[in-house]
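The next block is upload-v3.cif, given as mmCIF, C-alpha atoms and all ligand atoms.
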```
data_coords
#
loop_
_atom_site.label_atom_id
_atom_site.label_comp_id
_atom_site.auth_asym_id
_atom_site.auth_seq_id
_atom_site.Cartn_x
_atom_site.Cartn_y
_atom_site.Cartn_z
CA MET A 266 111.38 109.76 124.41
CA GLU A 267 114.28 108.67 122.26
CA ASN A 268 115.76 105.22 121.88
CA GLN A 269 114.00 103.96 124.97
CA ASN A 270 113.59 100.21 125.40
CA ILE A 271 110.25 99.20 123.95
CA ILE A 272 107.96 96.18 123.92
CA VAL A 273 105.38 95.93 121.16
CA LYS A 274 102.59 93.52 122.07
CA ASN A 275 99.88 91.81 120.06
CA ALA A 276 101.49 92.36 116.68
CA LEU A 277 101.25 90.50 113.41
CA VAL A 278 104.90 90.58 112.40
CA VAL A 279 105.62 90.65 108.67
CA SER A 280 109.36 90.38 108.85
CA CYS A 281 110.36 90.79 105.17
CA ASP A 282 113.34 88.54 105.94
CA ALA A 283 114.72 86.24 103.24
CA GLU A 284 112.07 83.59 104.07
CA HIS A 285 109.21 86.12 104.18
CA SER A 286 108.44 85.00 107.76
CA VAL A 287 105.13 86.02 109.30
CA ILE A 288 104.52 85.63 113.04
CA ALA A 289 100.95 85.98 114.28
CA ASP A 290 100.16 87.05 117.85
CA ALA A 291 103.74 88.19 118.34
CA GLY A 292 105.72 90.37 120.69
CA VAL A 293 108.83 92.36 119.86
CA VAL A 294 111.47 93.69 122.25
CA ILE A 295 113.58 96.67 121.21
CA LYS A 296 116.73 97.63 123.11
CA ASN A 297 119.12 100.42 122.23
CA GLY A 298 117.42 101.03 118.93
CA GLN A 299 117.65 97.43 117.74
CA PHE A 300 115.37 94.41 117.66
CA ASN A 301 116.40 92.33 120.65
CA TRP A 302 113.73 89.62 120.71
CA ILE A 303 110.90 88.61 118.35
CA GLY A 304 108.53 85.74 119.11
CA PRO A 305 105.10 84.58 120.20
CA MET A 306 103.31 86.61 122.87
CA ALA A 307 103.18 83.50 125.09
CA SER A 308 107.00 83.57 125.41
CA LEU A 309 107.44 87.35 125.67
CA PRO A 310 110.23 88.09 128.17
CA ASP A 311 109.18 89.92 131.32
CA ILE A 312 111.15 93.17 131.16
CA LYS A 313 110.60 96.11 133.49
CA ASN A 314 110.88 99.84 132.77
CA VAL A 315 110.05 99.71 129.11
CA GLN A 316 107.61 101.61 126.94
CA ILE A 317 104.78 99.24 126.04
CA ILE A 318 102.98 99.62 122.73
CA ASP A 319 99.88 97.57 121.99
CA ALA A 320 99.66 96.88 118.25
CA LYS A 321 96.12 95.55 118.81
CA GLY A 322 96.56 92.85 116.20
CA GLY A 323 97.90 95.27 113.60
CA ILE A 324 100.77 94.52 111.25
CA LEU A 325 104.30 95.34 112.40
CA MET A 326 106.62 95.50 109.39
CA PRO A 327 109.87 97.20 108.35
CA GLY A 328 109.76 100.89 107.53
CA LEU A 329 109.57 101.28 103.76
CA ILE A 330 112.67 102.31 101.83
CA ASN A 331 111.94 104.85 99.09
CA MET A 332 114.94 104.62 96.81
CA HIS A 333 114.14 107.54 94.52
CA ALA A 334 112.64 110.85 95.55
CA HIS A 335 113.04 114.56 95.04
CA CYS A 336 111.30 115.66 98.23
CA GLY A 337 111.91 119.37 97.71
CA ASP A 338 109.73 119.25 94.62
CA THR A 339 106.66 119.25 96.86
CA LEU A 340 106.84 123.01 96.26
CA PHE A 341 105.80 122.48 92.63
CA ARG A 342 103.30 119.66 93.06
CA GLY A 343 100.48 119.99 90.52
CA LEU A 344 101.93 123.15 88.96
CA VAL A 345 102.67 121.63 85.54
CA GLU A 346 100.77 118.65 84.22
CA ASP A 347 100.02 116.53 81.19
CA LEU A 348 103.14 117.20 79.10
CA ALA A 349 105.78 114.84 77.71
CA LEU A 350 108.85 114.48 79.93
CA GLU A 351 111.11 116.81 77.97
CA ASP A 352 108.53 119.63 77.67
CA TRP A 353 107.43 119.03 81.23
CA LEU A 354 111.04 119.23 82.49
CA GLN A 355 111.67 122.49 80.64
CA THR A 356 108.60 124.06 82.27
CA VAL A 357 109.27 122.66 85.73
CA TRP A 358 112.91 123.75 85.54
CA LYS A 359 111.76 127.32 84.85
CA ALA A 360 109.82 127.38 88.12
CA GLU A 361 112.62 125.59 89.98
CA ALA A 362 115.23 128.04 88.66
CA ALA A 363 113.21 130.95 90.06
CA ILE A 364 112.58 129.47 93.51
CA LEU A 365 115.38 127.06 94.38
CA PRO A 366 118.38 129.38 94.64
CA ASP A 367 116.84 129.95 98.08
CA ALA A 368 118.23 127.07 100.18
CA HIS A 369 115.66 127.77 102.86
CA ALA A 370 112.85 127.15 100.36
CA CYS A 371 114.52 123.85 99.43
CA GLN A 372 114.60 122.74 103.03
CA THR A 373 110.99 123.75 103.63
CA GLY A 374 109.85 121.76 100.59
CA THR A 375 111.96 118.79 101.63
CA GLU A 376 110.52 118.81 105.15
CA LEU A 377 107.02 118.69 103.70
CA GLY A 378 108.02 115.78 101.46
CA ILE A 379 109.51 113.93 104.41
CA ALA A 380 106.36 114.52 106.46
CA GLU A 381 104.32 113.00 103.66
CA LEU A 382 106.67 110.02 103.43
CA ILE A 383 106.65 109.40 107.18
CA GLN A 384 102.86 109.36 107.13
CA GLY A 385 103.14 106.81 104.33
CA GLY A 386 105.37 104.50 106.37
CA VAL A 387 108.76 105.41 104.90
CA THR A 388 111.80 105.43 107.19
CA THR A 389 114.67 105.62 104.66
CA ILE A 390 114.79 107.89 101.61
CA MET A 391 117.24 108.24 98.76
CA ASP A 392 116.81 111.81 97.59
CA MET A 393 118.33 113.79 94.74
CA PHE A 394 117.88 117.53 95.10
CA TRP A 395 119.53 120.93 95.01
CA HIS A 396 121.22 122.21 98.17
CA PRO A 397 121.58 118.63 99.41
CA GLU A 398 122.91 119.84 102.76
CA THR A 399 119.40 121.15 103.47
CA GLY A 400 118.00 117.67 102.77
CA TYR A 401 120.28 116.17 105.41
CA ALA A 402 119.22 118.90 107.84
CA ALA A 403 115.52 118.23 107.14
CA ALA A 404 115.95 114.48 107.56
CA LYS A 405 117.85 114.90 110.81
CA LYS A 406 115.10 117.12 112.17
CA ALA A 407 112.41 114.65 111.04
CA GLY A 408 114.30 111.61 112.34
CA VAL A 409 114.48 109.55 109.15
CA ARG A 410 117.42 107.94 107.36
CA TRP A 411 118.60 109.91 104.35
CA ALA A 412 120.76 108.91 101.41
CA SER A 413 121.75 111.81 99.22
CA GLY A 414 124.82 113.70 98.11
CA GLY A 415 126.11 116.21 95.64
CA ILE A 416 124.25 116.72 92.38
CA PHE A 417 126.27 116.96 89.18
CA PHE A 418 124.70 118.87 86.29
CA ASP A 419 126.54 120.28 83.31
CA GLY A 420 124.41 123.39 82.85
CA PRO A 421 123.60 126.06 85.40
CA GLY A 422 121.76 124.41 88.28
CA MET A 423 118.37 125.36 89.68
CA ASP A 424 120.23 126.31 92.86
CA GLY A 425 122.02 129.12 91.00
CA PHE A 426 125.41 127.39 91.01
CA GLY A 427 127.39 126.40 87.94
CA PRO A 428 129.05 123.09 87.13
CA GLU A 429 132.42 124.30 88.41
CA MET A 430 131.07 124.19 91.98
CA ARG A 431 129.79 120.62 91.95
CA LEU A 432 132.87 118.64 92.84
CA GLN A 433 133.68 120.72 95.90
CA GLN A 434 130.06 120.76 97.05
CA ALA A 435 129.82 116.98 96.69
CA SER A 436 133.16 116.42 98.38
CA ASP A 437 132.18 118.55 101.38
CA LEU A 438 129.11 116.39 102.02
CA PHE A 439 131.30 113.33 102.54
CA ASP A 440 133.08 115.04 105.38
CA GLN A 441 129.99 115.73 107.48
CA GLY A 442 129.49 112.31 109.07
CA HIS A 443 126.20 111.37 107.37
CA GLU A 444 125.09 107.74 107.35
CA PHE A 445 124.63 107.47 103.57
CA VAL A 446 126.36 109.79 101.10
CA GLY A 447 126.92 109.43 97.38
CA THR A 448 127.25 111.41 94.20
CA LEU A 449 124.22 111.98 92.00
CA PRO A 450 124.75 113.19 88.44
CA HIS A 451 121.33 114.04 87.02
CA GLY A 452 121.56 111.83 83.91
CA THR A 453 123.56 110.96 80.83
CA TYR A 454 121.67 113.55 78.76
CA THR A 455 122.40 116.36 81.23
CA ASN A 456 125.91 115.23 82.19
CA GLY A 457 128.71 114.61 79.74
CA PRO A 458 131.24 111.84 80.33
CA ASP A 459 133.58 114.16 82.23
CA SER A 460 131.19 115.09 85.03
CA ILE A 461 129.96 111.50 85.31
CA LYS A 462 133.56 110.31 85.66
CA GLN A 463 134.25 113.05 88.20
CA ALA A 464 131.23 112.02 90.28
CA LEU A 465 132.20 108.36 90.04
CA ALA A 466 135.78 108.96 91.07
CA LEU A 467 134.67 110.95 94.11
CA SER A 468 132.11 108.38 95.28
CA ARG A 469 134.64 105.57 94.84
CA GLU A 470 137.34 107.50 96.69
CA LYS A 471 134.98 108.23 99.59
CA GLY A 472 133.24 104.85 99.64
CA GLY A 473 129.82 106.26 98.75
CA PHE A 474 127.13 105.26 96.30
CA PHE A 475 126.60 106.55 92.76
CA CYS A 476 123.07 107.30 91.56
CA THR A 477 121.70 108.70 88.34
CA HIS A 478 118.55 108.69 86.20
CA ALA A 479 119.01 106.14 83.43
CA ALA A 480 117.00 104.89 80.46
CA GLU A 481 113.85 106.63 81.59
CA THR A 482 112.48 107.60 78.17
CA ALA A 483 112.80 106.61 74.53
CA PHE A 484 113.87 110.20 73.77
CA GLU A 485 116.77 109.85 76.21
CA GLN A 486 117.85 106.59 74.55
CA ALA A 487 117.72 108.25 71.12
CA THR A 488 119.75 111.23 72.39
CA ILE A 489 122.48 109.04 73.85
CA GLN A 490 122.49 106.88 70.72
CA GLN A 491 122.96 110.01 68.63
CA ASN A 492 125.63 111.54 70.90
CA TYR A 493 127.66 108.44 71.74
CA GLY A 494 126.53 105.75 69.28
CA THR A 495 125.36 103.44 72.03
CA SER A 496 122.56 102.93 74.55
CA VAL A 497 122.33 104.60 77.97
CA ILE A 498 123.28 101.52 79.99
CA ARG A 499 126.15 100.57 77.66
CA HIS A 500 127.33 104.19 77.73
CA LEU A 501 127.35 104.09 81.55
CA ASP A 502 129.16 100.75 81.46
CA GLY A 503 131.73 102.25 79.12
CA LEU A 504 132.36 104.89 81.79
CA ALA A 505 132.76 102.09 84.39
CA ALA A 506 129.69 103.47 86.17
CA LEU A 507 127.89 100.15 86.71
CA GLY A 508 128.55 98.10 89.84
CA PRO A 509 127.30 97.20 93.31
CA GLN A 510 127.60 100.81 94.54
CA THR A 511 125.48 102.09 91.66
CA VAL A 512 121.75 102.81 91.86
CA LEU A 513 119.97 103.61 88.59
CA ALA A 514 116.55 105.24 88.68
CA HIS A 515 114.03 103.98 86.08
CA CYS A 516 115.67 101.60 83.53
CA VAL A 517 112.43 101.56 81.54
CA HIS A 518 114.06 101.30 78.10
CA VAL A 519 116.55 98.46 78.45
CA ASP A 520 117.07 95.48 76.16
CA ASP A 521 118.07 91.95 77.16
CA GLY A 522 121.76 92.68 76.75
CA GLU A 523 121.51 95.71 79.00
CA ILE A 524 119.54 93.75 81.60
CA LYS A 525 122.31 91.16 81.61
CA LEU A 526 124.89 93.92 82.03
CA LEU A 527 122.98 95.36 85.00
CA ALA A 528 122.79 91.92 86.61
CA ASP A 529 126.40 90.98 85.88
CA ARG A 530 127.69 94.24 87.35
CA GLY A 531 125.48 93.98 90.47
CA THR A 532 123.86 97.35 89.67
CA HIS A 533 120.70 98.22 91.61
CA VAL A 534 117.61 99.54 89.83
CA VAL A 535 114.86 101.75 91.27
CA LEU A 536 111.44 101.30 89.68
CA ASN A 537 109.15 104.35 89.71
CA PRO A 538 105.96 103.04 88.14
CA MET A 539 103.70 105.98 88.97
CA SER A 540 106.08 108.54 87.46
CA ASN A 541 106.70 106.38 84.38
CA LEU A 542 102.97 105.99 83.77
CA LYS A 543 102.09 109.63 84.22
CA LEU A 544 104.92 110.97 82.06
CA ALA A 545 104.24 108.27 79.46
CA SER A 546 107.82 107.08 79.83
CA GLY A 547 106.83 103.43 79.52
CA ILE A 548 106.83 100.31 81.64
CA ALA A 549 110.11 98.76 82.80
CA PRO A 550 110.68 95.10 81.82
CA VAL A 551 110.46 93.98 85.42
CA PRO A 552 109.89 90.21 84.95
CA ALA A 553 112.97 90.02 82.71
CA MET A 554 115.02 91.95 85.26
CA ILE A 555 113.83 89.62 88.04
CA ASP A 556 114.72 86.57 85.93
CA ALA A 557 118.18 88.01 85.28
CA GLY A 558 118.75 88.58 89.00
CA VAL A 559 118.84 92.39 89.04
CA ASN A 560 118.26 93.81 92.53
CA LEU A 561 115.04 95.78 92.08
CA THR A 562 113.97 98.47 94.51
CA LEU A 563 111.05 100.90 94.54
CA GLY A 564 110.73 104.66 94.50
CA THR A 565 108.10 107.32 94.14
CA ASP A 566 110.14 109.82 92.15
CA GLY A 567 109.39 113.45 92.97
CA PRO A 568 105.96 114.79 93.88
CA ILE A 569 105.72 116.65 90.59
CA SER A 570 105.84 113.47 88.56
CA GLY A 571 104.26 111.17 91.17
CA ASN A 572 102.21 113.22 92.29
CA ASP A 573 101.91 112.04 95.83
CA MET A 574 104.87 110.08 97.12
CA ASP A 575 103.11 106.85 97.95
CA MET A 576 105.14 103.68 98.38
CA PHE A 577 101.97 101.60 98.82
CA LEU A 578 100.85 102.78 95.38
CA ALA A 579 104.33 101.98 94.02
CA MET A 580 103.97 98.45 95.39
CA ARG A 581 100.50 97.93 94.02
CA LEU A 582 101.39 99.21 90.56
CA THR A 583 104.50 97.03 90.48
CA ALA A 584 102.51 93.96 91.39
CA VAL A 585 99.75 94.53 88.83
CA LEU A 586 101.29 96.29 85.81
CA HIS A 587 103.48 93.45 84.65
CA LYS A 588 100.66 90.95 84.89
CA ALA A 589 98.63 93.00 82.41
CA VAL A 590 101.59 93.71 80.13
CA SER A 591 102.77 90.11 79.96
CA GLY A 592 99.38 88.44 80.07
CA ASP A 593 100.76 86.34 82.92
CA ALA A 594 98.95 86.70 86.25
CA THR A 595 101.87 85.02 88.01
CA ALA A 596 104.31 87.78 86.97
CA VAL A 597 105.73 89.64 90.00
CA SER A 598 104.44 88.18 93.28
CA THR A 599 103.40 90.12 96.36
CA LYS A 600 106.42 88.72 98.21
CA GLN A 601 108.79 89.96 95.50
CA THR A 602 107.07 93.34 95.51
CA LEU A 603 107.27 93.77 99.28
CA HIS A 604 110.97 92.92 99.22
CA MET A 605 111.52 95.64 96.61
CA ALA A 606 110.08 98.19 99.07
CA THR A 607 112.11 96.95 102.04
CA LEU A 608 115.04 94.52 102.06
CA ASN A 609 116.14 95.09 98.46
CA GLY A 610 116.41 98.82 99.16
CA ALA A 611 118.58 98.10 102.19
CA HIS A 612 120.83 95.92 100.01
CA ALA A 613 121.11 98.71 97.44
CA LEU A 614 122.35 101.00 100.21
CA GLY A 615 124.89 98.39 101.28
CA ALA A 616 122.93 98.09 104.54
CA GLY A 617 121.14 94.77 104.05
CA ALA A 618 122.75 93.37 107.19
CA ARG A 619 121.30 96.05 109.45
CA LEU A 620 118.15 97.46 107.78
CA GLY A 621 115.17 96.33 105.73
CA SER A 622 113.62 93.53 107.79
CA ILE A 623 112.36 92.73 111.27
CA GLU A 624 115.18 90.53 112.58
CA VAL A 625 117.07 90.38 115.87
CA GLY A 626 120.15 92.58 115.70
CA LYS A 627 118.81 94.86 113.00
CA ALA A 628 117.89 98.49 113.56
CA ALA A 629 114.35 98.97 114.87
CA ASP A 630 113.02 100.83 111.82
CA PHE A 631 109.42 99.71 111.75
CA ILE A 632 105.84 100.76 111.17
CA THR A 633 102.49 99.51 112.39
CA LEU A 634 99.46 99.23 110.14
CA ASP A 635 95.82 99.17 111.12
CA VAL A 636 94.16 96.20 109.51
CA ALA A 637 90.71 96.46 111.08
CA ALA A 638 89.15 98.68 108.40
CA PRO A 639 86.56 97.41 105.92
CA HIS A 640 89.16 97.26 103.12
CA THR A 641 91.45 94.97 105.10
CA VAL A 642 88.99 92.49 106.61
CA PRO A 643 89.21 89.50 106.48
CA MET A 644 92.96 88.94 106.22
CA PHE A 645 94.10 85.49 105.11
CA ASN A 646 97.56 86.63 104.08
CA PRO A 647 99.06 89.89 105.40
CA ILE A 648 101.64 90.20 102.60
CA ASN A 649 98.86 90.15 100.01
CA HIS A 650 97.01 92.79 102.01
CA ILE A 651 100.03 95.09 102.30
CA VAL A 652 100.47 95.05 98.51
CA TYR A 653 96.89 94.86 97.25
CA SER A 654 94.58 96.28 99.94
CA ALA A 655 96.39 98.48 102.42
CA SER A 656 97.18 102.13 101.79
CA LYS A 657 99.49 104.73 103.26
CA ALA A 658 96.54 105.99 105.32
CA ASP A 659 96.62 102.72 107.26
CA VAL A 660 100.07 103.47 108.70
CA ARG A 661 99.59 104.24 112.39
CA ASP A 662 103.04 104.43 114.03
CA VAL A 663 106.53 104.93 112.65
CA PHE A 664 109.82 104.21 114.44
CA VAL A 665 113.38 104.79 113.26
CA ALA A 666 116.14 103.09 115.29
CA GLY A 667 113.63 102.67 118.11
CA ARG A 668 112.73 106.36 118.15
CA GLN A 669 109.05 107.06 117.54
CA VAL A 670 108.58 109.65 114.82
CA MET A 671 104.83 109.14 114.29
CA LYS A 672 102.24 108.13 116.88
CA ASP A 673 98.62 107.46 115.90
CA ARG A 674 99.34 109.33 112.62
CA GLN A 675 100.68 112.42 114.39
CA ILE A 676 104.26 113.22 113.39
CA LEU A 677 106.21 113.92 116.58
CA THR A 678 109.28 115.49 115.02
CA LEU A 679 107.86 118.12 112.64
CA ASP A 680 105.21 120.80 113.10
CA VAL A 681 103.11 119.74 110.12
CA PRO A 682 100.37 122.43 110.28
CA ASP A 683 103.05 125.13 110.45
CA LEU A 684 104.92 123.54 107.56
CA CYS A 685 101.78 123.43 105.41
CA ALA A 686 100.98 127.05 106.27
CA ARG A 687 104.48 128.22 105.34
CA ILE A 688 104.34 126.42 102.01
CA THR A 689 100.85 127.72 101.23
CA ALA A 690 102.21 131.22 101.85
CA MET A 691 104.88 130.60 99.17
CA GLN A 692 102.28 129.55 96.60
CA PRO A 693 101.79 132.95 94.86
CA GLU A 694 105.53 133.34 94.34
CA ILE A 695 105.79 129.82 92.93
CA GLN A 696 102.85 130.41 90.59
CA ALA A 697 104.38 133.68 89.40
CA SER A 698 107.68 131.96 88.60
CA LEU A 699 106.08 130.27 85.59
CA ASP A 700 105.22 133.63 84.09
CA ALA A 701 108.75 135.01 84.49
CA LYS A 702 110.91 135.37 81.39
ZN ZN B 1 113.84 111.37 89.46
#
```

Turn this file's structure into structure tokens for me.
Amino acid sequence: MENQNIIVKNALVVSCDAEHSVIADAGVVIKNGQFNWIGPMASLPDIKNVQIIDAKGGILMPGLINMHAHCGDTLFRGLVEDLALEDWLQTVWKAEAAILPDAHACQTGTELGIAELIQGGVTTIMDMFWHPETGYAAAKKAGVRWASGGIFFDGPGMDGFGPEMRLQQASDLFDQGHEFVGTLPHGTYTNGPDSIKQALALSREKGGFFCTHAAETAFEQATIQQNYGTSVIRHLDGLAALGPQTVLAHCVHVDDGEIKLLADRGTHVVLNPMSNLKLASGIAPVPAMIDAGVNLTLGTDGPISGNDMDMFLAMRLTAVLHKAVSGDATAVSTKQTLHMATLNGAHALGAGARLGSIEVGKAADFITLDVAAPHTVPMFNPINHIVYSASKADVRDVFVAGRQVMKDRQILTLDVPDLCARITAMQPEIQASLDAK
């Protein structure tokens, strides 16, 4: 049933609001897809004709916001491994170029990626992929929020289209009534200033976001330094690409001056720790970015660099990596980390007033977590448990705008066994693509 009025009983609410409020033994009332009442069970309003869900003492928290994914790349998961980013990209792109001109294949891969993310408690996804219209179709079918838009890429794209098509393709997406639309040039090393400016102008004209990969590797920094005599972030600033509508994925190789620029311009950054570790890209200077006031969000990156798209892993890595790197065990708290996976992502989408936390008036995008397993008992502090002990396998139910999309780990909106079977059937063709000339 869709958007029915719902009461969730016996929940441990981890609100992720600005105060990091936690309400034990709580009830939540959802009306018309929004949180209508949140409080102690003892005061729960008596409302008739509602769906009642018993959280059985489990955690009720906002759906996670994955701010950087390439869901369609599930098709190539595990195909190419253990190479440096540039060599890895060249090999992956060969397989992508053989398979992805087929928009239907893109959508199938994206649906699988979304299924994985739903099972991992994600309700909003920023995705950069070929045939972006198929991403919107997949997300609509699955019932999750989707932020994407036209890709800009100076060479021939993996979708079989050339750069001359990009502006029109991107422009068309703005006219289709999607909730979140932007422009997404691949990066400063794959897009010259002209296509970046074109993408920027379109997103500004249409009121959308602008997202690109930035300062992911030392090689990228060296390339931009060689081509333009400056660093990636300063190059983007020179193109007027930084600002509150801009979301930059990675920002691993940034100096103090660039961090200040990001903060001063109100630019949002997506951290992708798993991808950065695996591709040996480095570790982003997160404590310095927090100190400077940069809005930090979390992403999984695609399932070929990730390799699973696990926002719980992203949280745990974010909370531990910088402690080891800095030698300071107080670096990056669990509260800061949880905000990166929820409210900060909503802010980056310009939707902080209506998404990202469990608060009256906000959209009922929430998940429930089982916390009765051996790895989550006892529980003195649920925020610590979400970041350090819980896993995506603990997610039990997922709701988006009050609509249930997963119940007791069963996705209600997608036929997951069929999806897996269809993708397994594509496997020989994908494998063969690597051997093609
Ligand atoms: Zn990426």

Enumerate as a PyMOL selection string the residues within 9 Å of ligand ZN 1 (chain B), counting all atoms listed in the file.
chain A and resi 333-335+392-393+451+477-478+514-515+537+540+564-567+570

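For Glu351 in chain A, the residues within 10 Å (counting all atoms listed in the file, excluding itself and residues fewer than 5 positions away along the chain) are A:Thr356, A:Val357, A:Thr482, A:Phe484, A:Glu485, A:Leu544.
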
Give the answer as one residue: which of A:Ser546, A:Ser654, A:Asn331, A:Thr488 has the shortest atom-to-atom distance to Ala613 in chain A, using all atoms listed in the file?
A:Asn331

Nearest to Val446 in chain A among A:Lys462, A:Lys627, A:Lys471, A:Arg619, with distances taken over only C-alpha atoms: which residue is it?
A:Lys471

One residue among A:Ile569, A:Val652, A:Ala690, A:Ile461 is nearest to Gly378 in chain A when using only C-alpha atoms, and that residue is A:Ile569

Between CA of Asp440 in chain A and CA of Asp367 in chain A, what is the distance in Å, rounded to a tenth?
23.2 Å

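Across A:Pro552, A:Gly452, A:Pro327, A:Gly615, the tightest approach to Gly420 in chain A is made by A:Gly452 when counting all atoms listed in the file.
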
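Distances here use only C-alpha atoms; by that measure, the residue among A:Gly414, A:Gly427, A:Gly298, A:Pro310 closest to Ser468 in chain A is A:Gly414.
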
Within 12 Å of Phe475 in chain A, counting all atoms listed in the file, which residues qualify if same-chain residues fewer than 2 places away don't, as a ChimeraX atom specification?
/A:391,393,412-417,435,445-452,461-473,477-478,501,505-514,532-534,613-615

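Minimum atom-to-atom distance to Trp302 in chain A, evaluated using only C-alpha atoms, belongs to A:Gly626 out of A:Gly626, A:Leu344, A:Leu536, A:Gly571.
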
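For the pair CA of Ala289 in chain A and CA of Val625 in chain A, the interatomic distance is 16.8 Å.
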
Scan for residues within 8 Å of the point (113.7, 99.6, 130.3) in the coordinates of the file, using only C-alpha atoms, and reply as a PyMOL selection string.
chain A and resi 269-271+312-316

Given the selection you just returned, output its residues as a file containing C-alpha atoms, formatted as a JSON list (two decimals), in the frame of the given file.
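selection_22.json written:
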```json
[["chain", "number", "residue", "atom", "x", "y", "z"],
["A", 269, "GLN", "CA", 114.00, 103.96, 124.97],
["A", 270, "ASN", "CA", 113.59, 100.21, 125.40],
["A", 271, "ILE", "CA", 110.25, 99.20, 123.95],
["A", 312, "ILE", "CA", 111.15, 93.17, 131.16],
["A", 313, "LYS", "CA", 110.60, 96.11, 133.49],
["A", 314, "ASN", "CA", 110.88, 99.84, 132.77],
["A", 315, "VAL", "CA", 110.05, 99.71, 129.11],
["A", 316, "GLN", "CA", 107.61, 101.61, 126.94]]
```

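Interatomic distance, CA of Val287 in chain A to CA of Asp593 in chain A: 26.7 Å.
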
So that I can check the surroundings of Ile379 in chain A, please list as a PyMOL selection string every protein, DNA and RNA residue that reaches within 10 Å of it, counting all atoms listed in the file and ignoring chain neighbours fewer than 3 positions away.
chain A and resi 334+336-337+339+373-376+382-385+387-390+400+403-404+407-409+411+574+679

Distance cut-off 12 Å, centre (114.7, 93.0, 86.4) in file coordinates, counting all atoms listed in the file: which residues qualify? Return them as a short mmCIF file (atom, residue, chain, number, x, y, z; two decimals) with C-alpha atoms, in the frame of the given file.
```cif
data_model
loop_
_atom_site.label_atom_id
_atom_site.label_comp_id
_atom_site.auth_asym_id
_atom_site.auth_seq_id
_atom_site.Cartn_x
_atom_site.Cartn_y
_atom_site.Cartn_z
CA HIS A 515 114.03 103.98 86.08
CA CYS A 516 115.67 101.60 83.53
CA VAL A 517 112.43 101.56 81.54
CA HIS A 518 114.06 101.30 78.10
CA VAL A 519 116.55 98.46 78.45
CA ASP A 520 117.07 95.48 76.16
CA ASP A 521 118.07 91.95 77.16
CA GLY A 522 121.76 92.68 76.75
CA GLU A 523 121.51 95.71 79.00
CA ILE A 524 119.54 93.75 81.60
CA LYS A 525 122.31 91.16 81.61
CA LEU A 526 124.89 93.92 82.03
CA LEU A 527 122.98 95.36 85.00
CA ALA A 528 122.79 91.92 86.61
CA ASP A 529 126.40 90.98 85.88
CA GLY A 531 125.48 93.98 90.47
CA THR A 532 123.86 97.35 89.67
CA HIS A 533 120.70 98.22 91.61
CA VAL A 534 117.61 99.54 89.83
CA VAL A 535 114.86 101.75 91.27
CA LEU A 536 111.44 101.30 89.68
CA ILE A 548 106.83 100.31 81.64
CA ALA A 549 110.11 98.76 82.80
CA PRO A 550 110.68 95.10 81.82
CA VAL A 551 110.46 93.98 85.42
CA PRO A 552 109.89 90.21 84.95
CA ALA A 553 112.97 90.02 82.71
CA MET A 554 115.02 91.95 85.26
CA ILE A 555 113.83 89.62 88.04
CA ASP A 556 114.72 86.57 85.93
CA ALA A 557 118.18 88.01 85.28
CA GLY A 558 118.75 88.58 89.00
CA VAL A 559 118.84 92.39 89.04
CA ASN A 560 118.26 93.81 92.53
CA LEU A 561 115.04 95.78 92.08
CA THR A 562 113.97 98.47 94.51
CA LEU A 563 111.05 100.90 94.54
CA THR A 583 104.50 97.03 90.48
CA HIS A 587 103.48 93.45 84.65
CA ALA A 596 104.31 87.78 86.97
CA VAL A 597 105.73 89.64 90.00
CA GLN A 601 108.79 89.96 95.50
CA THR A 602 107.07 93.34 95.51
CA MET A 605 111.52 95.64 96.61
#
```

What are the centre and edge lengths in Å, to one decimal, of the axis-aligned box around all listed atoms of range 484-495 of chain A with 4 Å added on each side, as lines of an AutoDock Vina configuration file?
```
center_x = 120.8
center_y = 107.5
center_z = 72.4
size_x = 21.8
size_y = 16.1
size_z = 15.6
```

What's the 12 Å shell around range 641-643 of chain A, counting only C-alpha atoms, without same-chain residues fewer than 3 positions away, as a PyMOL selection string?
chain A and resi 323-324+634-638+646-656+659

If we count only C-alpha atoms and set the cut-off at 10 Å, which residues sit around Gln441 in chain A, ignoring sequence neighbours fewer than 5 positions away in its own chain? Please answer as a list in words.
Glu398, Tyr401, Ser436 and Val446 of chain A
